[in-house]
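Shown next: target_27.cif, containing mmCIF, C-alpha atoms.
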data_work
loop_
_atom_site.group_PDB
_atom_site.id
_atom_site.type_symbol
_atom_site.label_atom_id
_atom_site.label_comp_id
_atom_site.auth_asym_id
_atom_site.auth_seq_id
_atom_site.Cartn_x
_atom_site.Cartn_y
_atom_site.Cartn_z
ATOM 1 C CA MET T 1 -34.117 -3.280 10.814
ATOM 2 C CA TYR T 2 -32.580 -0.152 9.372
ATOM 3 C CA GLN T 3 -28.930 0.100 8.421
ATOM 4 C CA LEU T 4 -26.380 2.846 7.901
ATOM 5 C CA THR T 5 -23.334 1.881 5.860
ATOM 6 C CA ALA T 6 -20.438 4.327 5.733
ATOM 7 C CA LEU T 7 -17.852 3.763 2.991
ATOM 8 C CA TYR T 8 -14.721 5.823 3.606
ATOM 9 C CA ASN T 9 -12.364 6.726 0.787
ATOM 10 C CA HIS T 10 -8.638 6.182 1.261
ATOM 11 C CA PRO T 11 -7.286 8.961 3.476
ATOM 12 C CA GLU T 12 -4.107 10.864 2.727
ATOM 13 C CA ASP T 13 -2.772 9.927 6.152
ATOM 14 C CA PRO T 14 -4.071 6.498 7.154
ATOM 15 C CA ALA T 15 -2.431 6.570 10.584
ATOM 16 C CA ALA T 16 -4.082 9.894 11.466
ATOM 17 C CA PHE T 17 -7.396 8.626 10.123
ATOM 18 C CA ASP T 18 -7.215 5.450 12.194
ATOM 19 C CA LYS T 19 -6.298 7.340 15.325
ATOM 20 C CA HIS T 20 -9.155 9.808 14.960
ATOM 21 C CA TYR T 21 -11.632 7.138 13.926
ATOM 22 C CA THR T 22 -10.839 4.878 16.862
ATOM 23 C CA GLU T 23 -10.259 7.443 19.581
ATOM 24 C CA VAL T 24 -12.874 10.021 18.657
ATOM 25 C CA HIS T 25 -15.370 9.070 15.961
ATOM 26 C CA ALA T 26 -16.217 5.531 17.046
ATOM 27 C CA GLU T 27 -16.556 6.709 20.646
ATOM 28 C CA ILE T 28 -19.171 9.241 19.554
ATOM 29 C CA ALA T 29 -20.960 6.969 17.090
ATOM 30 C CA LYS T 30 -21.252 3.980 19.404
ATOM 31 C CA LYS T 31 -23.206 6.117 21.865
ATOM 32 C CA ILE T 32 -25.852 7.176 19.341
ATOM 33 C CA PRO T 33 -29.139 6.090 20.942
ATOM 34 C CA GLY T 34 -30.694 3.157 19.111
ATOM 35 C CA VAL T 35 -27.487 1.655 17.697
ATOM 36 C CA LEU T 36 -27.932 -2.092 18.135
ATOM 37 C CA ARG T 37 -24.718 -3.156 16.471
ATOM 38 C CA TYR T 38 -21.780 -1.305 14.962
ATOM 39 C CA THR T 39 -19.087 -3.068 12.992
ATOM 40 C CA ILE T 40 -15.954 -1.669 11.422
ATOM 41 C CA SER T 41 -14.003 -3.493 8.727
ATOM 42 C CA HIS T 42 -10.789 -2.761 6.884
ATOM 43 C CA PRO T 43 -10.977 -4.194 3.371
ATOM 44 C CA GLY T 44 -7.833 -5.774 2.010
ATOM 45 C CA ALA T 45 -6.491 -5.986 -1.524
ATOM 46 C CA ASP T 46 -8.370 -8.185 -3.971
ATOM 47 C CA PRO T 47 -6.875 -11.489 -5.176
ATOM 48 C CA GLU T 48 -5.003 -9.592 -7.903
ATOM 49 C CA GLY T 49 -3.449 -7.278 -5.311
ATOM 50 C CA ASN T 50 -5.469 -4.206 -6.249
ATOM 51 C CA LYS T 51 -6.159 -1.668 -3.538
ATOM 52 C CA PRO T 52 -9.814 -1.848 -2.467
ATOM 53 C CA PRO T 53 -12.076 1.031 -3.510
ATOM 54 C CA TYR T 54 -12.711 2.002 0.127
ATOM 55 C CA TYR T 55 -10.445 2.268 3.143
ATOM 56 C CA LEU T 56 -12.935 1.482 5.874
ATOM 57 C CA VAL T 57 -16.496 0.209 6.046
ATOM 58 C CA ALA T 58 -18.711 0.929 9.056
ATOM 59 C CA VAL T 59 -22.151 -0.632 9.446
ATOM 60 C CA LEU T 60 -24.614 0.537 12.095
ATOM 61 C CA ASP T 61 -27.837 -1.368 12.755
ATOM 62 C CA PHE T 62 -30.975 0.205 14.201
ATOM 63 C CA ALA T 63 -34.283 -1.477 15.027
ATOM 64 C CA ASP T 64 -36.227 0.520 12.450
ATOM 65 C CA GLU T 65 -36.333 3.774 10.520
ATOM 66 C CA ALA T 66 -37.846 5.672 13.459
ATOM 67 C CA SER T 67 -34.977 4.655 15.750
ATOM 68 C CA PHE T 68 -32.491 5.586 13.071
ATOM 69 C CA GLY T 69 -34.116 8.989 12.560
ATOM 70 C CA ALA T 70 -34.288 9.707 16.273
ATOM 71 C CA GLY T 71 -30.709 8.596 16.854
ATOM 72 C CA MET T 72 -29.138 10.414 13.951
ATOM 73 C CA GLY T 73 -31.285 13.500 14.472
ATOM 74 C CA GLY T 74 -30.403 13.722 18.164
ATOM 75 C CA GLU T 75 -27.445 15.345 19.815
ATOM 76 C CA GLN T 76 -25.124 12.315 19.586
ATOM 77 C CA GLY T 77 -26.006 11.578 15.958
ATOM 78 C CA GLN T 78 -25.451 15.181 14.986
ATOM 79 C CA ALA T 79 -22.116 15.157 16.805
ATOM 80 C CA ALA T 80 -21.057 12.105 14.766
ATOM 81 C CA VAL T 81 -21.988 13.827 11.504
ATOM 82 C CA ALA T 82 -20.268 17.046 12.599
ATOM 83 C CA ASP T 83 -17.114 15.050 13.299
ATOM 84 C CA LEU T 84 -16.824 13.715 9.721
ATOM 85 C CA PRO T 85 -14.910 16.737 8.346
ATOM 86 C CA ASN T 86 -12.343 16.247 11.124
ATOM 87 C CA PHE T 87 -10.985 13.042 9.557
ATOM 88 C CA ALA T 88 -12.907 12.105 6.405
ATOM 89 C CA GLY T 89 -11.816 14.869 4.082
ATOM 90 C CA ALA T 90 -11.065 12.283 1.397
ATOM 91 C CA GLY T 91 -14.786 11.581 1.254
ATOM 92 C CA VAL T 92 -17.347 9.196 2.642
ATOM 93 C CA THR T 93 -20.394 7.592 1.058
ATOM 94 C CA LEU T 94 -23.319 7.134 3.444
ATOM 95 C CA LEU T 95 -25.956 4.570 2.517
ATOM 96 C CA THR T 96 -29.092 4.232 4.610
ATOM 97 C CA GLY T 97 -32.088 2.001 4.196
ATOM 98 C CA PRO T 98 -34.216 -0.865 5.463
ATOM 99 C CA SER T 99 -32.389 -4.096 6.140
ATOM 100 C CA ASN T 100 -33.003 -7.647 7.209
ATOM 101 C CA GLU T 101 -31.099 -10.724 8.246
ATOM 102 C CA ALA T 102 -30.990 -13.386 5.516
ATOM 103 C CA MET E 1 -14.109 -11.171 12.952
ATOM 104 C CA TYR E 2 -13.816 -11.090 9.200
ATOM 105 C CA GLN E 3 -16.348 -9.391 6.973
ATOM 106 C CA LEU E 4 -17.445 -9.595 3.360
ATOM 107 C CA THR E 5 -19.329 -6.560 2.063
ATOM 108 C CA ALA E 6 -20.988 -6.834 -1.341
ATOM 109 C CA LEU E 7 -22.039 -3.567 -2.991
ATOM 110 C CA TYR E 8 -24.349 -4.205 -5.936
ATOM 111 C CA ASN E 9 -24.753 -1.667 -8.712
ATOM 112 C CA HIS E 10 -28.246 -0.728 -9.845
ATOM 113 C CA PRO E 11 -29.623 -3.515 -12.040
ATOM 114 C CA GLU E 12 -31.384 -2.937 -15.324
ATOM 115 C CA ASP E 13 -34.375 -4.890 -14.041
ATOM 116 C CA PRO E 14 -34.726 -4.405 -10.283
ATOM 117 C CA ALA E 15 -37.676 -6.780 -9.967
ATOM 118 C CA ALA E 16 -35.761 -9.609 -11.646
ATOM 119 C CA PHE E 17 -32.709 -8.842 -9.499
ATOM 120 C CA ASP E 18 -34.746 -8.927 -6.285
ATOM 121 C CA LYS E 19 -36.440 -12.181 -7.228
ATOM 122 C CA HIS E 20 -33.177 -13.909 -8.040
ATOM 123 C CA TYR E 21 -31.378 -12.448 -5.038
ATOM 124 C CA THR E 22 -34.056 -13.508 -2.571
ATOM 125 C CA GLU E 23 -35.065 -16.837 -4.043
ATOM 126 C CA VAL E 24 -31.708 -18.109 -5.254
ATOM 127 C CA HIS E 25 -28.637 -16.142 -4.198
ATOM 128 C CA ALA E 26 -29.452 -15.512 -0.537
ATOM 129 C CA GLU E 27 -30.497 -19.147 -0.150
ATOM 130 C CA ILE E 28 -27.068 -20.256 -1.370
ATOM 131 C CA ALA E 29 -25.076 -17.627 0.524
ATOM 132 C CA LYS E 30 -26.781 -18.115 3.881
ATOM 133 C CA LYS E 31 -25.681 -21.748 3.860
ATOM 134 C CA ILE E 32 -21.977 -20.970 3.394
ATOM 135 C CA PRO E 33 -20.274 -22.698 6.335
ATOM 136 C CA GLY E 34 -18.977 -20.177 8.853
ATOM 137 C CA VAL E 35 -21.427 -17.367 8.113
ATOM 138 C CA LEU E 36 -22.339 -15.982 11.533
ATOM 139 C CA ARG E 37 -24.563 -13.170 10.353
ATOM 140 C CA TYR E 38 -25.781 -12.013 6.960
ATOM 141 C CA THR E 39 -27.630 -8.748 6.505
ATOM 142 C CA ILE E 40 -29.114 -7.261 3.374
ATOM 143 C CA SER E 41 -30.009 -3.585 3.066
ATOM 144 C CA HIS E 42 -31.633 -1.514 0.358
ATOM 145 C CA PRO E 43 -30.249 2.020 0.463
ATOM 146 C CA GLY E 44 -32.708 4.828 -0.163
ATOM 147 C CA ALA E 45 -32.237 8.203 -1.792
ATOM 148 C CA ASP E 46 -30.172 10.771 0.076
ATOM 149 C CA PRO E 47 -31.822 13.825 1.685
ATOM 150 C CA GLU E 48 -31.575 15.665 -1.664
ATOM 151 C CA GLY E 49 -33.421 12.826 -3.418
ATOM 152 C CA ASN E 50 -30.385 11.505 -5.292
ATOM 153 C CA LYS E 51 -30.359 7.820 -6.155
ATOM 154 C CA PRO E 52 -27.833 5.995 -3.956
ATOM 155 C CA PRO E 53 -24.628 4.756 -5.622
ATOM 156 C CA TYR E 54 -25.502 1.112 -4.904
ATOM 157 C CA TYR E 55 -28.722 -0.838 -5.171
ATOM 158 C CA LEU E 56 -28.147 -3.408 -2.451
ATOM 159 C CA VAL E 57 -25.605 -3.927 0.319
ATOM 160 C CA ALA E 58 -24.947 -7.395 1.747
ATOM 161 C CA VAL E 59 -22.706 -7.929 4.771
ATOM 162 C CA LEU E 60 -21.548 -11.374 5.843
ATOM 163 C CA ASP E 61 -19.713 -11.913 9.115
ATOM 164 C CA PHE E 62 -17.300 -14.761 9.775
ATOM 165 C CA ALA E 63 -15.396 -15.554 12.970
ATOM 166 C CA ASP E 64 -11.989 -15.007 11.387
ATOM 167 C CA GLU E 65 -10.059 -15.069 8.113
ATOM 168 C CA ALA E 66 -9.626 -18.843 8.237
ATOM 169 C CA SER E 67 -13.401 -19.382 8.510
ATOM 170 C CA PHE E 68 -13.953 -16.939 5.693
ATOM 171 C CA GLY E 69 -11.401 -18.679 3.483
ATOM 172 C CA ALA E 70 -12.771 -22.118 4.208
ATOM 173 C CA GLY E 71 -16.361 -21.009 3.658
ATOM 174 C CA MET E 72 -15.792 -19.097 0.450
ATOM 175 C CA GLY E 73 -13.356 -21.667 -0.904
ATOM 176 C CA GLY E 74 -15.746 -24.536 -0.252
ATOM 177 C CA GLU E 75 -18.536 -25.861 -2.430
ATOM 178 C CA GLN E 76 -21.227 -23.518 -1.104
ATOM 179 C CA GLY E 77 -19.032 -20.418 -1.289
ATOM 180 C CA GLN E 78 -17.989 -21.244 -4.824
ATOM 181 C CA ALA E 79 -21.639 -21.763 -5.751
ATOM 182 C CA ALA E 80 -22.456 -18.289 -4.425
ATOM 183 C CA VAL E 81 -19.652 -16.734 -6.482
ATOM 184 C CA ALA E 82 -20.672 -18.718 -9.561
ATOM 185 C CA ASP E 83 -24.228 -17.407 -9.167
ATOM 186 C CA LEU E 84 -23.185 -13.731 -9.410
ATOM 187 C CA PRO E 85 -23.264 -13.545 -13.229
ATOM 188 C CA ASN E 86 -26.850 -14.842 -13.121
ATOM 189 C CA PHE E 87 -28.182 -11.606 -11.641
ATOM 190 C CA ALA E 88 -25.377 -9.091 -11.013
ATOM 191 C CA GLY E 89 -24.417 -8.247 -14.583
ATOM 192 C CA ALA E 90 -24.528 -4.550 -13.681
ATOM 193 C CA GLY E 91 -21.549 -5.146 -11.404
ATOM 194 C CA VAL E 92 -20.732 -5.841 -7.806
ATOM 195 C CA THR E 93 -17.905 -4.622 -5.588
ATOM 196 C CA LEU E 94 -16.697 -7.186 -3.056
ATOM 197 C CA LEU E 95 -14.800 -5.907 -0.024
ATOM 198 C CA THR E 96 -13.240 -8.361 2.409
ATOM 199 C CA GLY E 97 -11.190 -7.779 5.492
ATOM 200 C CA PRO E 98 -10.808 -8.025 9.241
ATOM 201 C CA SER E 99 -13.580 -6.449 11.285
ATOM 202 C CA ASN E 100 -14.586 -5.745 14.832
ATOM 203 C CA GLU E 101 -17.541 -4.512 16.820
ATOM 204 C CA ALA E 102 -17.141 -0.933 18.032
#
Using the file provided, produce a representation of the structure as structure tokens.
Amino acid sequence: MYQLTALYNHPEDPAAFDKHYTEVHAEIAKKIPGVLRYTISHPGADPEGNKPPYYLVAVLDFADEASFGAGMGGEQGQAAVADLPNFAGAGVTLLTGPSNEA
Amino acid sequence: MYQLTALYNHPEDPAAFDKHYTEVHAEIAKKIPGVLRYTISHPGADPEGNKPPYYLVAVLDFADEASFGAGMGGEQGQAAVADLPNFAGAGVTLLTGPSNEA
């Protein structure tokens, strides 16, 4: 498999971020051709109550690197990337690489 | 769902890290009761050739927070946590929180 992990920094306005992410960004990203699975998680505070280092984690699975490249390089993938500045101004770390199920 | 994301920093000795992760750590973690899915990915360099900020990303899915708590609080989960210092001396960021499929 091939995986894209998006680690979003804490936004200035979490409610606006959530609204845009759910109503716009996820709707675009879930339609990227080749996306086999797409999960979104909201990390909580650690056992000591510290704020987590990221606000939201999104993980997208593709069958392989070719599918990933075709999907992200296509119209829908490019639309998802172009949408990032609309809500992720606080920053996002994108990690991409081969993956497997343990 | 409930998700645990482990973000491992770059180890001093990647070969030793990989060997321990594959042969020991993943074997313990995959047997944690309640783990529905467990993926491991190795991020590559970004388009500019920069080393990614993390060496390895592991994502474990549980049905809900109760399953997560029971699994991680049990013998196998505690063994997985206790194994971290054996290979992740460079540091690991653990993110846990509610998740959903987009």
Translate the PyMOL selection byres ((chain T and resi 22-27) around 12), as applied to the file shown, into an explicit residue set as a PyMOL selection string. (chain T and resi 14-21+28-32+35+38-40+56+58-60+76-88) or (chain E and resi 100-102)
The distance between CA of Leu95 (chain T) and CA of Pro11 (chain T) is 19.2 Å
d(CA of Leu4 (chain T), CA of Pro43 (chain E)) in Å: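 Spanning CA of Leu4 (chain T) to CA of Pro43 (chain E) is a straight-line distance of 8.4 Å.
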Residues near Ser67 (chain T), anyone? I mean within 12 Å using only C-alpha atoms, not counting same-chain ones fewer than 3 positions away, as a PyMOL selection string. chain T and resi 1-4+32-36+60-64+70-74+77+98
8 Å contact set for Val92 (chain T), all atoms listed in the file, chain neighbours under 6 positions out, as an MDAnalysis selection string: chainID T and resid 6:9
Straight-line distance linking CA of Glu48 (chain T) with CA of Ala90 (chain T), stated in Å to one decimal: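 Those two atoms sit 24.5 Å apart.
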Between E:Arg37, E:Thr5, E:Gly69, E:His42, which is the closest to Gly97 (chain T) once you count only C-alpha atoms? E:His42
Considering all atoms listed in the file, can you say which of T:Asp13, T:Val57, T:Gly91, T:Gly49 comes closest to chain E?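 Comparing T:Asp13, T:Val57, T:Gly91, T:Gly49 against chain E, the winner is T:Val57.
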If we count all atoms listed in the file, what is near Pro52 (chain E) at a cut-off of 9 Å, once residues fewer than 6 positions away on the same chain are taken out, given as a list in words?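 Once the nearby chain positions are removed, what remains is Leu94, Leu95 and Thr96 of chain T; His10, Pro43, Gly44, Ala45 and Asp46 of chain E.
Minimum atom-to-atom distances from E:Glu65, E:Glu12, E:Glu75, E:Gly89 to chain T were compared using all atoms listed in the file, and the lowest value belongs to E:Glu65.
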